[in-house]
>>> print(open('start_5.txt').read())   # compact mmCIF, C-alpha atoms
# COMPACT_ATOMS: atom_id res chain seq x y z
CA MET A 1381 -11.90 -3.14 -12.62
CA LYS A 1382 -11.71 -5.41 -9.57
CA LYS A 1383 -10.56 -9.00 -9.94
CA ILE A 1384 -12.98 -11.86 -10.60
CA LEU A 1385 -12.57 -15.19 -8.77
CA VAL A 1386 -13.71 -18.45 -10.39
CA THR A 1387 -13.76 -21.46 -8.06
CA GLY A 1388 -13.90 -24.91 -9.62
CA ALA A 1389 -12.15 -23.29 -12.56
CA CYS A 1390 -10.90 -26.56 -14.09
CA GLY A 1391 -14.29 -28.28 -14.15
CA LEU A 1392 -16.73 -28.72 -17.01
CA VAL A 1393 -18.33 -25.28 -16.64
CA GLY A 1394 -15.25 -23.50 -15.31
CA SER A 1395 -13.07 -24.47 -18.28
CA ASP A 1396 -15.41 -22.64 -20.65
CA LEU A 1397 -16.40 -19.82 -18.33
CA VAL A 1398 -12.81 -18.82 -17.60
CA LEU A 1399 -12.04 -18.47 -21.31
CA ALA A 1400 -15.14 -16.33 -21.86
CA LEU A 1401 -14.39 -14.10 -18.87
CA LYS A 1402 -10.79 -13.61 -19.96
CA ALA A 1403 -11.94 -12.66 -23.47
CA LYS A 1404 -14.43 -10.16 -22.05
CA TYR A 1405 -12.53 -8.62 -19.13
CA GLY A 1406 -8.87 -9.41 -19.80
CA GLU A 1407 -6.68 -12.28 -18.65
CA ASN A 1408 -5.17 -10.36 -15.73
CA THR A 1409 -8.62 -9.72 -14.26
CA ILE A 1410 -9.48 -13.39 -13.74
CA VAL A 1411 -8.18 -15.45 -10.82
CA CYS A 1412 -8.79 -19.19 -11.10
CA MET A 1413 -9.05 -21.52 -8.13
CA ASP A 1414 -9.41 -25.29 -7.99
CA CYS A 1415 -8.58 -28.10 -5.59
CA HIS A 1416 -6.22 -29.58 -8.20
CA PRO A 1417 -3.49 -27.88 -10.27
CA ALA A 1418 -4.40 -26.94 -13.84
CA ASP A 1419 -2.95 -28.91 -16.75
CA GLN A 1420 0.06 -27.77 -18.70
CA HIS A 1421 -2.06 -25.88 -21.24
CA PHE A 1422 -3.51 -23.49 -18.64
CA GLU A 1423 -2.61 -19.82 -18.95
CA GLY A 1424 -3.22 -17.16 -16.30
CA VAL A 1425 -3.41 -16.81 -12.53
CA MET A 1426 -4.12 -20.11 -10.78
CA GLU A 1427 -4.54 -20.76 -7.05
CA VAL A 1428 -4.86 -24.28 -5.61
CA GLY A 1429 -6.96 -24.62 -2.49
CA ASP A 1430 -10.09 -25.83 -0.71
CA VAL A 1431 -13.34 -23.82 -0.69
CA CYS A 1432 -14.08 -25.32 2.73
CA ASP A 1433 -11.08 -23.43 4.15
CA VAL A 1434 -12.52 -19.98 4.88
CA ALA A 1435 -9.18 -18.65 6.19
CA TYR A 1436 -7.59 -19.50 2.84
CA LEU A 1437 -10.43 -17.77 0.98
CA ARG A 1438 -10.00 -14.63 3.09
CA THR A 1439 -6.27 -14.66 2.27
CA LEU A 1440 -7.14 -14.74 -1.43
CA GLN A 1441 -9.64 -11.92 -1.03
CA LYS A 1442 -7.08 -9.70 0.68
CA LYS A 1443 -4.46 -10.60 -1.93
CA TYR A 1444 -6.59 -9.89 -5.03
CA ASP A 1445 -9.56 -7.73 -3.91
CA PHE A 1446 -12.34 -9.54 -5.77
CA GLY A 1447 -15.45 -7.69 -6.90
CA GLN A 1448 -17.17 -10.76 -8.30
CA ILE A 1449 -17.04 -14.46 -7.48
CA TYR A 1450 -18.26 -17.26 -9.74
CA HIS A 1451 -18.52 -20.12 -7.27
CA LEU A 1452 -18.59 -23.33 -9.33
CA ALA A 1453 -16.76 -25.75 -7.00
CA GLY A 1454 -18.88 -28.71 -5.93
CA LEU A 1455 -19.68 -32.40 -6.26
CA LEU A 1456 -22.20 -33.51 -8.90
CA SER A 1457 -25.03 -36.04 -8.62
CA VAL A 1458 -23.16 -39.33 -9.04
CA GLY A 1459 -20.13 -38.21 -7.03
CA GLY A 1460 -22.45 -36.97 -4.31
CA GLU A 1461 -24.11 -40.37 -4.03
CA LYS A 1462 -20.72 -42.04 -3.71
CA ASN A 1463 -19.72 -39.72 -0.87
CA PRO A 1464 -22.73 -37.90 0.61
CA ASP A 1465 -20.78 -36.50 3.58
CA ARG A 1466 -18.21 -34.89 1.33
CA ALA A 1467 -20.94 -33.55 -0.98
CA TRP A 1468 -22.67 -31.89 1.97
CA ARG A 1469 -19.44 -30.36 3.21
CA VAL A 1470 -18.10 -29.12 -0.12
CA ASN A 1471 -21.39 -27.99 -1.61
CA LEU A 1472 -22.81 -26.21 1.43
CA LEU A 1473 -19.89 -25.22 3.64
CA GLY A 1474 -18.03 -24.06 0.54
CA LEU A 1475 -21.02 -21.93 -0.51
CA LYS A 1476 -21.47 -20.44 2.96
CA ASN A 1477 -17.77 -19.51 3.06
CA ILE A 1478 -18.09 -17.71 -0.26
CA LEU A 1479 -21.23 -15.91 0.87
CA ASP A 1480 -19.45 -14.80 4.06
CA ILE A 1481 -16.62 -13.38 1.97
CA ALA A 1482 -19.14 -11.61 -0.26
CA ARG A 1483 -20.95 -10.20 2.76
CA ASP A 1484 -17.76 -8.85 4.31
CA TYR A 1485 -16.21 -7.46 1.12
CA GLN A 1486 -19.28 -6.50 -0.96
CA CYS A 1487 -18.74 -8.99 -3.78
CA ARG A 1488 -21.34 -10.02 -6.34
CA VAL A 1489 -21.69 -13.81 -6.42
CA PHE A 1490 -22.83 -16.33 -9.02
CA TRP A 1491 -23.67 -19.82 -7.79
CA PRO A 1492 -25.14 -22.59 -9.95
CA SER A 1493 -28.12 -24.58 -8.81
CA SER A 1494 -29.41 -27.49 -10.89
CA ILE A 1495 -32.39 -29.44 -12.17
CA ALA A 1496 -31.36 -31.86 -9.39
CA VAL A 1497 -33.59 -29.79 -7.06
CA TYR A 1498 -36.58 -31.44 -8.75
CA GLY A 1499 -38.09 -34.61 -7.31
CA GLU A 1500 -41.03 -36.97 -7.61
CA THR A 1501 -43.55 -34.27 -6.60
CA THR A 1502 -42.25 -31.76 -9.15
CA PRO A 1503 -44.26 -31.55 -12.39
CA LYS A 1504 -42.49 -33.38 -15.23
CA ALA A 1505 -43.54 -30.95 -17.95
CA LEU A 1506 -42.92 -27.20 -18.02
CA VAL A 1507 -41.82 -26.96 -14.40
CA PRO A 1508 -42.80 -23.49 -13.16
CA GLN A 1509 -40.36 -21.16 -11.44
CA HIS A 1510 -41.94 -21.93 -8.07
CA ALA A 1511 -42.69 -25.63 -7.61
CA SER A 1512 -42.38 -28.49 -5.13
CA PHE A 1513 -38.74 -29.52 -4.68
CA GLU A 1514 -38.18 -32.89 -2.99
CA PRO A 1515 -34.88 -34.19 -4.46
CA THR A 1516 -33.80 -37.79 -4.05
CA THR A 1517 -30.02 -37.25 -4.17
CA MET A 1518 -27.62 -35.56 -1.77
CA TYR A 1519 -26.57 -33.32 -4.68
CA GLY A 1520 -30.17 -32.17 -5.05
CA VAL A 1521 -30.55 -31.69 -1.30
CA THR A 1522 -27.48 -29.44 -1.23
CA LYS A 1523 -28.83 -27.44 -4.16
CA VAL A 1524 -32.19 -26.80 -2.51
CA ALA A 1525 -30.45 -25.81 0.73
CA GLY A 1526 -27.99 -23.69 -1.22
CA GLU A 1527 -30.78 -21.80 -2.99
CA LEU A 1528 -32.38 -20.95 0.35
CA LEU A 1529 -29.01 -19.95 1.78
CA CYS A 1530 -28.42 -17.58 -1.12
CA GLN A 1531 -31.83 -15.99 -0.65
CA TYR A 1532 -31.18 -15.68 3.10
CA TYR A 1533 -27.89 -13.85 2.56
CA PHE A 1534 -29.60 -11.50 0.10
CA HIS A 1535 -32.40 -10.61 2.51
CA LYS A 1536 -30.32 -10.65 5.72
CA TYR A 1537 -27.09 -9.03 4.53
CA GLY A 1538 -27.84 -7.57 1.10
CA VAL A 1539 -25.43 -9.91 -0.70
CA ASP A 1540 -25.97 -9.59 -4.45
CA VAL A 1541 -26.02 -13.33 -5.14
CA ARG A 1542 -27.45 -14.63 -8.41
CA SER A 1543 -28.18 -18.16 -9.49
CA ILE A 1544 -29.60 -20.32 -12.26
CA ARG A 1545 -30.73 -23.93 -12.24
CA TYR A 1546 -28.48 -25.49 -14.83
CA PRO A 1547 -29.95 -28.24 -16.97
CA GLY A 1548 -27.63 -30.91 -18.37
CA LEU A 1549 -24.67 -28.98 -19.80
CA ASN A 1550 -22.80 -30.31 -22.81
CA GLY A 1551 -19.30 -29.06 -23.57
CA TYR A 1552 -15.93 -30.44 -24.62
CA LYS A 1553 -13.16 -28.20 -23.31
CA ALA A 1554 -12.89 -30.24 -20.09
CA ALA A 1555 -13.10 -34.00 -19.71
CA PRO A 1556 -16.68 -35.14 -18.97
CA GLY A 1557 -17.50 -35.86 -15.36
CA ASP A 1558 -19.86 -38.26 -13.61
CA GLY A 1559 -23.11 -36.30 -13.78
CA THR A 1560 -26.30 -38.10 -14.79
CA THR A 1561 -26.83 -35.93 -17.89
CA GLU A 1562 -23.23 -36.31 -19.05
CA TYR A 1563 -24.03 -39.36 -21.14
CA ALA A 1564 -24.66 -36.72 -23.80
CA ILE A 1565 -20.94 -35.87 -23.79
CA HIS A 1566 -19.53 -39.35 -23.20
CA ILE A 1567 -21.44 -40.59 -26.22
CA PHE A 1568 -19.28 -38.47 -28.54
CA TYR A 1569 -16.12 -40.02 -27.11
CA GLY A 1570 -17.63 -43.41 -27.87
CA LEU A 1571 -18.56 -42.27 -31.37
CA ILE A 1572 -15.09 -41.04 -32.26
CA LYS A 1573 -13.07 -43.77 -30.53
CA GLU A 1574 -15.12 -46.89 -31.31
CA ASN A 1575 -18.24 -45.79 -33.22
CA ARG A 1576 -20.31 -47.30 -30.40
CA TYR A 1577 -21.54 -46.36 -26.93
CA GLU A 1578 -23.17 -48.13 -24.00
CA CYS A 1579 -25.72 -45.76 -22.50
CA PHE A 1580 -26.62 -45.90 -18.81
CA LEU A 1581 -30.08 -44.39 -19.44
CA LYS A 1582 -33.11 -45.79 -21.27
CA PRO A 1583 -33.60 -44.57 -24.87
CA ASP A 1584 -36.75 -42.57 -24.03
CA THR A 1585 -35.37 -40.72 -20.97
CA ARG A 1586 -36.10 -37.07 -21.70
CA LEU A 1587 -34.05 -34.45 -19.83
CA PRO A 1588 -33.54 -30.67 -20.10
CA MET A 1589 -30.21 -29.92 -21.80
CA MET A 1590 -28.11 -27.04 -23.07
CA TYR A 1591 -24.97 -26.52 -25.12
CA MET A 1592 -22.16 -25.05 -23.04
CA ASP A 1593 -21.78 -21.87 -25.11
CA ASP A 1594 -25.39 -20.97 -24.34
CA ALA A 1595 -24.88 -21.69 -20.63
CA ILE A 1596 -21.78 -19.49 -20.42
CA ARG A 1597 -23.40 -16.65 -22.32
CA GLY A 1598 -26.50 -16.82 -20.11
CA THR A 1599 -24.42 -16.94 -16.92
CA ILE A 1600 -22.45 -13.81 -17.79
CA GLN A 1601 -25.63 -12.12 -19.01
CA LEU A 1602 -27.25 -12.74 -15.62
CA MET A 1603 -24.24 -11.35 -13.76
CA GLU A 1604 -24.23 -8.20 -15.90
CA ALA A 1605 -27.96 -7.49 -15.52
CA PRO A 1606 -28.95 -4.49 -13.38
CA ALA A 1607 -29.70 -5.52 -9.79
CA GLU A 1608 -33.21 -4.07 -10.02
CA ASN A 1609 -34.02 -6.56 -12.81
CA ILE A 1610 -33.26 -9.58 -10.63
CA THR A 1611 -36.51 -10.73 -9.04
CA ILE A 1612 -35.46 -14.29 -8.12
CA ARG A 1613 -32.90 -14.69 -5.34
CA THR A 1614 -33.16 -18.44 -4.96
CA SER A 1615 -32.36 -19.62 -8.51
CA TYR A 1616 -33.81 -18.97 -11.96
CA ASN A 1617 -35.23 -21.78 -14.08
CA PHE A 1618 -32.95 -21.95 -17.13
CA THR A 1619 -33.21 -24.18 -20.18
CA ALA A 1620 -32.76 -24.47 -23.92
CA ILE A 1621 -33.58 -27.91 -25.37
CA SER A 1622 -34.92 -31.24 -24.09
CA PHE A 1623 -34.11 -34.55 -25.75
CA THR A 1624 -33.79 -38.29 -25.17
CA PRO A 1625 -30.78 -40.55 -25.81
CA ALA A 1626 -32.63 -41.98 -28.82
CA GLU A 1627 -33.14 -38.51 -30.30
CA LEU A 1628 -29.47 -37.70 -29.81
CA VAL A 1629 -28.48 -41.00 -31.45
CA ALA A 1630 -30.68 -40.11 -34.44
CA GLU A 1631 -28.68 -36.89 -34.89
CA ILE A 1632 -25.37 -38.74 -34.45
CA ARG A 1633 -26.35 -41.21 -37.16
CA LYS A 1634 -26.56 -38.30 -39.60
CA ILE A 1635 -22.78 -38.09 -39.04
CA SER A 1636 -22.11 -41.83 -38.72
CA PRO A 1637 -25.01 -43.97 -40.04
CA ASP A 1638 -23.61 -47.23 -38.59
CA PHE A 1639 -23.11 -45.85 -35.06
CA GLU A 1640 -23.91 -48.60 -32.54
CA ILE A 1641 -25.82 -47.85 -29.34
CA ILE A 1642 -26.41 -50.26 -26.45
CA TYR A 1643 -28.82 -49.33 -23.67
CA ASN A 1644 -27.85 -50.69 -20.27
CA PRO A 1645 -29.59 -48.56 -17.59
CA ASP A 1646 -27.98 -48.43 -14.14
CA ASP A 1647 -28.58 -46.50 -10.91
CA ARG A 1648 -28.44 -43.22 -12.78
CA GLN A 1649 -31.74 -44.08 -14.49
CA LYS A 1650 -33.58 -43.65 -11.20
CA ILE A 1651 -31.91 -40.26 -10.68
CA ALA A 1652 -32.91 -39.13 -14.17
CA GLU A 1653 -36.51 -40.25 -13.68
CA SER A 1654 -36.80 -38.07 -10.58
CA TRP A 1655 -36.04 -34.95 -12.63
CA ALA A 1656 -38.24 -32.87 -14.91
CA GLN A 1657 -38.43 -33.35 -18.66
CA THR A 1658 -39.13 -29.76 -19.71
CA ILE A 1659 -38.89 -26.43 -17.87
CA ASP A 1660 -40.64 -23.06 -17.96
CA ASP A 1661 -37.88 -20.46 -17.78
CA SER A 1662 -40.01 -17.44 -18.70
CA LYS A 1663 -38.81 -15.45 -15.66
CA ALA A 1664 -35.21 -15.57 -16.92
CA ARG A 1665 -36.38 -14.46 -20.34
CA GLU A 1666 -38.47 -11.63 -18.89
CA ASP A 1667 -36.02 -10.40 -16.24
CA TRP A 1668 -32.68 -10.46 -18.06
CA GLY A 1669 -33.38 -11.36 -21.68
CA TRP A 1670 -32.30 -15.00 -21.78
CA GLN A 1671 -32.51 -16.67 -25.21
CA GLU A 1672 -30.71 -19.82 -26.37
CA GLU A 1673 -28.91 -20.12 -29.73
CA TYR A 1674 -28.29 -23.89 -30.03
CA ASP A 1675 -30.88 -26.53 -30.95
CA LEU A 1676 -30.18 -30.27 -30.97
CA PRO A 1677 -28.73 -30.54 -34.52
CA LYS A 1678 -26.46 -27.53 -34.02
CA MET A 1679 -25.29 -28.78 -30.62
CA THR A 1680 -24.62 -32.28 -31.98
CA MET A 1681 -22.34 -31.00 -34.73
CA ALA A 1682 -20.52 -28.64 -32.34
CA LEU A 1683 -19.86 -31.44 -29.85
CA TYR A 1684 -18.72 -33.84 -32.54
CA LYS A 1685 -16.19 -31.35 -33.93
CA GLY A 1686 -15.06 -30.24 -30.47
CA VAL A 1687 -14.54 -33.71 -29.00
CA LYS A 1688 -12.81 -34.89 -32.18
CA GLU A 1689 -10.37 -31.98 -32.01
CA ARG A 1690 -9.79 -32.58 -28.29
CA LEU A 1691 -8.94 -36.23 -28.84
CA GLU A 1692 -6.64 -35.41 -31.74
CA ASN A 1693 -4.66 -33.05 -29.51
CA VAL A 1694 -4.27 -35.40 -26.55
>>> encode(input="start_5.txt", output="C-alpha cells")
Amino acid sequence: MKKILVTGACGLVGSDLVLALKAKYGENTIVCMDCHPADQHFEGVMEVGDVCDVAYLRTLQKKYDFGQIYHLAGLLSVGGEKNPDRAWRVNLLGLKNILDIARDYQCRVFWPSSIAVYGETTPKALVPQHASFEPTTMYGVTKVAGELLCQYYFHKYGVDVRSIRYPGLNGYKAAPGDGTTEYAIHIFYGLIKENRYECFLKPDTRLPMMYMDDAIRGTIQLMEAPAENITIRTSYNFTAISFTPAELVAEIRKISPDFEIIYNPDDRQKIAESWAQTIDDSKAREDWGWQEEYDLPKMTMALYKGVKERLENV
C-alpha cells in the first residue's frame, strides 16, 4: 500500500485521525506533517514544514510516494479573523499546492470544509446540500473558495478530491483551539479545573456539532467509498447533533449538579449567529452510508472522561 500523508497532523482533527489511520493501515504507512514539531508522546514518521511551500511538498511526495493525502492544515474562524492575510494564504495556497501534487502524482485527497461557508442568506434550519453561501468570516470565504477549487480540479484534471463540511467537532486528544464552536470542549476544562466556565456564546445559541469519533469514522468512510458513489465534488453536508450551550450545561450538571456557568458573549457570538442551526446531510447518508453513533448525553460523558484523563496525565 502507498503511504498516506496527513497535513496538520497535530491539530484537533489530525490528532485523532492519525491514530485511526495507523490502527487501520499500519503505523509505517502514515506520514504526519505539521508546521510545528510533535510533542514528546508522538510516535511515527513526522515531517515539519509549510504547506505553502510547494517545493517542499514535492520533495515529500518523491521521498514517500503518497497515494492519499488528508489535507487538514489551516487556520480556523477566530484565528482567521485575527490574521486574514495569513488565513487566505495558508487555507487556499496550501490547498492548491496539495491539489497540484495530487494532479501530478494521482493521489486521492481529503480536504475539510466547514459550516463556516454558511452566512446570513443560508437557511437556519435543515440547510440543504445546495444553498446560498455568503460567509462573513475570512475562514468561511476560504472554505467556499476551497470547495470550488476542489470541484475545478476534479472536472479539469480528474483529481479524486473528497470533502465534507465539518460541523463543530468535539474531541480531547489535542488541546482545544480558537474555533467558535470549541466552547463545547473548553467547557470541560472549566468543569474539571474549577467547576465553572465563562461562555463566550449566549445560552440559546444552537449550532451543529459532532463527537470526534464520529467525524473520524465518517471521514475515513468517505475516503474508502467507491469513486462512482461520490456525487458531490464541492463538499458534503455532514452532521450528527445540534445543541445550545444551555443544553450542554444541563447534561454537565448530571455529572456535577453545582457546575457554575457565566454567559459573557463576545465577537464570536456574531460569527455563530451567521451559521446554520441544523443541517440536511441526506446526500452523505445516501451516497456513502453516513450514520452517527453519538448523541449529546453520550458525547458529554465521553468528553468528560477524556478531558479528565488528559489533565491527569499532563
>>> closest_atom_pairs(input="start_5.txt", of="range 1416-1460 of chain A", to="range 1597-1600 of chain A", cutoff="12 Å", atoms="all atoms listed in the file", output="tab-separated table")
residue	atom	partner	partner_atom	distance
A:Gln1448	CA	A:Ile1600	CA	11.3
A:Ile1449	CA	A:Ile1600	CA	11.7
A:Tyr1450	CA	A:Thr1599	CA	9.5
A:His1451	CA	A:Thr1599	CA	11.7
A:Leu1452	CA	A:Thr1599	CA	11.5
>>> write_last_selection(input="start_5.txt", atoms="C-alpha atoms", output="short mmCIF file (atom, residue, chain, number, x, y, z; two decimals), keeping the file's coordinate frame")
data_model
loop_
_atom_site.label_atom_id
_atom_site.label_comp_id
_atom_site.auth_asym_id
_atom_site.auth_seq_id
_atom_site.Cartn_x
_atom_site.Cartn_y
_atom_site.Cartn_z
CA GLN A 1448 -17.17 -10.76 -8.30
CA ILE A 1449 -17.04 -14.46 -7.48
CA TYR A 1450 -18.26 -17.26 -9.74
CA HIS A 1451 -18.52 -20.12 -7.27
CA LEU A 1452 -18.59 -23.33 -9.33
#
>>> closest_atom_pairs(input="start_5.txt", of="range 1495-1613 of chain A", to="range 1419-1439 of chain A", cutoff="12 Å", atoms="only C-alpha atoms", output="CSV")
residue,atom,partner,partner_atom,distance
A:Lys1553,CA,A:His1421,CA,11.5
A:Ala1554,CA,A:Asp1419,CA,10.6
A:Ala1555,CA,A:Asp1419,CA,11.7
>>> residues_around(input="start_5.txt", residues="Thr1516 in chain A", least_positions_apart="6", cutoff="10 Å", atoms="all atoms listed in the file", output="number ranges by chain")
A: 1496-1500, 1650-1651, 1654-1655
>>> closest_residue(input="start_5.txt", among="A:Gly1686, A:Gly1520, A:Gly1526, A:Pro1547", to="Gly1474 in chain A", atoms="all atoms listed in the file")
A:Gly1526
>>> residues_around(input="start_5.txt", residues="range 1620-1628 of chain A", least_positions_apart="2", cutoff="6 Å", atoms="all atoms listed in the file", output="list in words")
Pro1583, Asp1584, Thr1585, Arg1586, Leu1587, Pro1588, Met1589, Met1590, Ala1630, Glu1631 and Glu1672 of chain A
>>> atom_distance(input="start_5.txt", atom1="CA of Val1386 in chain A", atom2="CA of Glu1608 in chain A")
24.2 Å
>>> residues_around(input="start_5.txt", residues="Asp1594 in chain A", least_positions_apart="6", cutoff="12 Å", atoms="all atoms listed in the file", output="mmCIF file with C-alpha atoms, in the frame of the given file")
data_model
loop_
_atom_site.group_PDB
_atom_site.id
_atom_site.type_symbol
_atom_site.label_atom_id
_atom_site.label_comp_id
_atom_site.auth_asym_id
_atom_site.auth_seq_id
_atom_site.Cartn_x
_atom_site.Cartn_y
_atom_site.Cartn_z
ATOM 1 C CA VAL A 1393 -18.330 -25.280 -16.640
ATOM 2 C CA ASP A 1396 -15.410 -22.640 -20.650
ATOM 3 C CA LEU A 1397 -16.400 -19.820 -18.330
ATOM 4 C CA ALA A 1400 -15.140 -16.330 -21.860
ATOM 5 C CA TYR A 1546 -28.480 -25.490 -14.830
ATOM 6 C CA PRO A 1547 -29.950 -28.240 -16.970
ATOM 7 C CA GLY A 1548 -27.630 -30.910 -18.370
ATOM 8 C CA LEU A 1549 -24.670 -28.980 -19.800
ATOM 9 C CA ASN A 1550 -22.800 -30.310 -22.810
ATOM 10 C CA GLY A 1551 -19.300 -29.060 -23.570
ATOM 11 C CA ILE A 1600 -22.450 -13.810 -17.790
ATOM 12 C CA GLN A 1601 -25.630 -12.120 -19.010
ATOM 13 C CA PHE A 1618 -32.950 -21.950 -17.130
ATOM 14 C CA THR A 1619 -33.210 -24.180 -20.180
ATOM 15 C CA ALA A 1620 -32.760 -24.470 -23.920
ATOM 16 C CA ILE A 1621 -33.580 -27.910 -25.370
ATOM 17 C CA TRP A 1670 -32.300 -15.000 -21.780
ATOM 18 C CA GLN A 1671 -32.510 -16.670 -25.210
ATOM 19 C CA GLU A 1672 -30.710 -19.820 -26.370
ATOM 20 C CA GLU A 1673 -28.910 -20.120 -29.730
ATOM 21 C CA TYR A 1674 -28.290 -23.890 -30.030
ATOM 22 C CA ASP A 1675 -30.880 -26.530 -30.950
ATOM 23 C CA LYS A 1678 -26.460 -27.530 -34.020
ATOM 24 C CA MET A 1679 -25.290 -28.780 -30.620
#
>>> residues_around(input="start_5.txt", residues="Arg1488 in chain A", least_positions_apart="2", cutoff="9 Å", atoms="only C-alpha atoms", output="PyMOL selection string")
chain A and resi 1447-1450+1482+1486+1490+1539-1542+1603
>>> atom_distance(input="start_5.txt", atom1="CA of Leu1602 in chain A", atom2="CA of Ala1656 in chain A")
22.9 Å
>>> atom_distance(input="start_5.txt", atom1="CA of Leu1456 in chain A", atom2="CA of Arg1648 in chain A")
12.2 Å
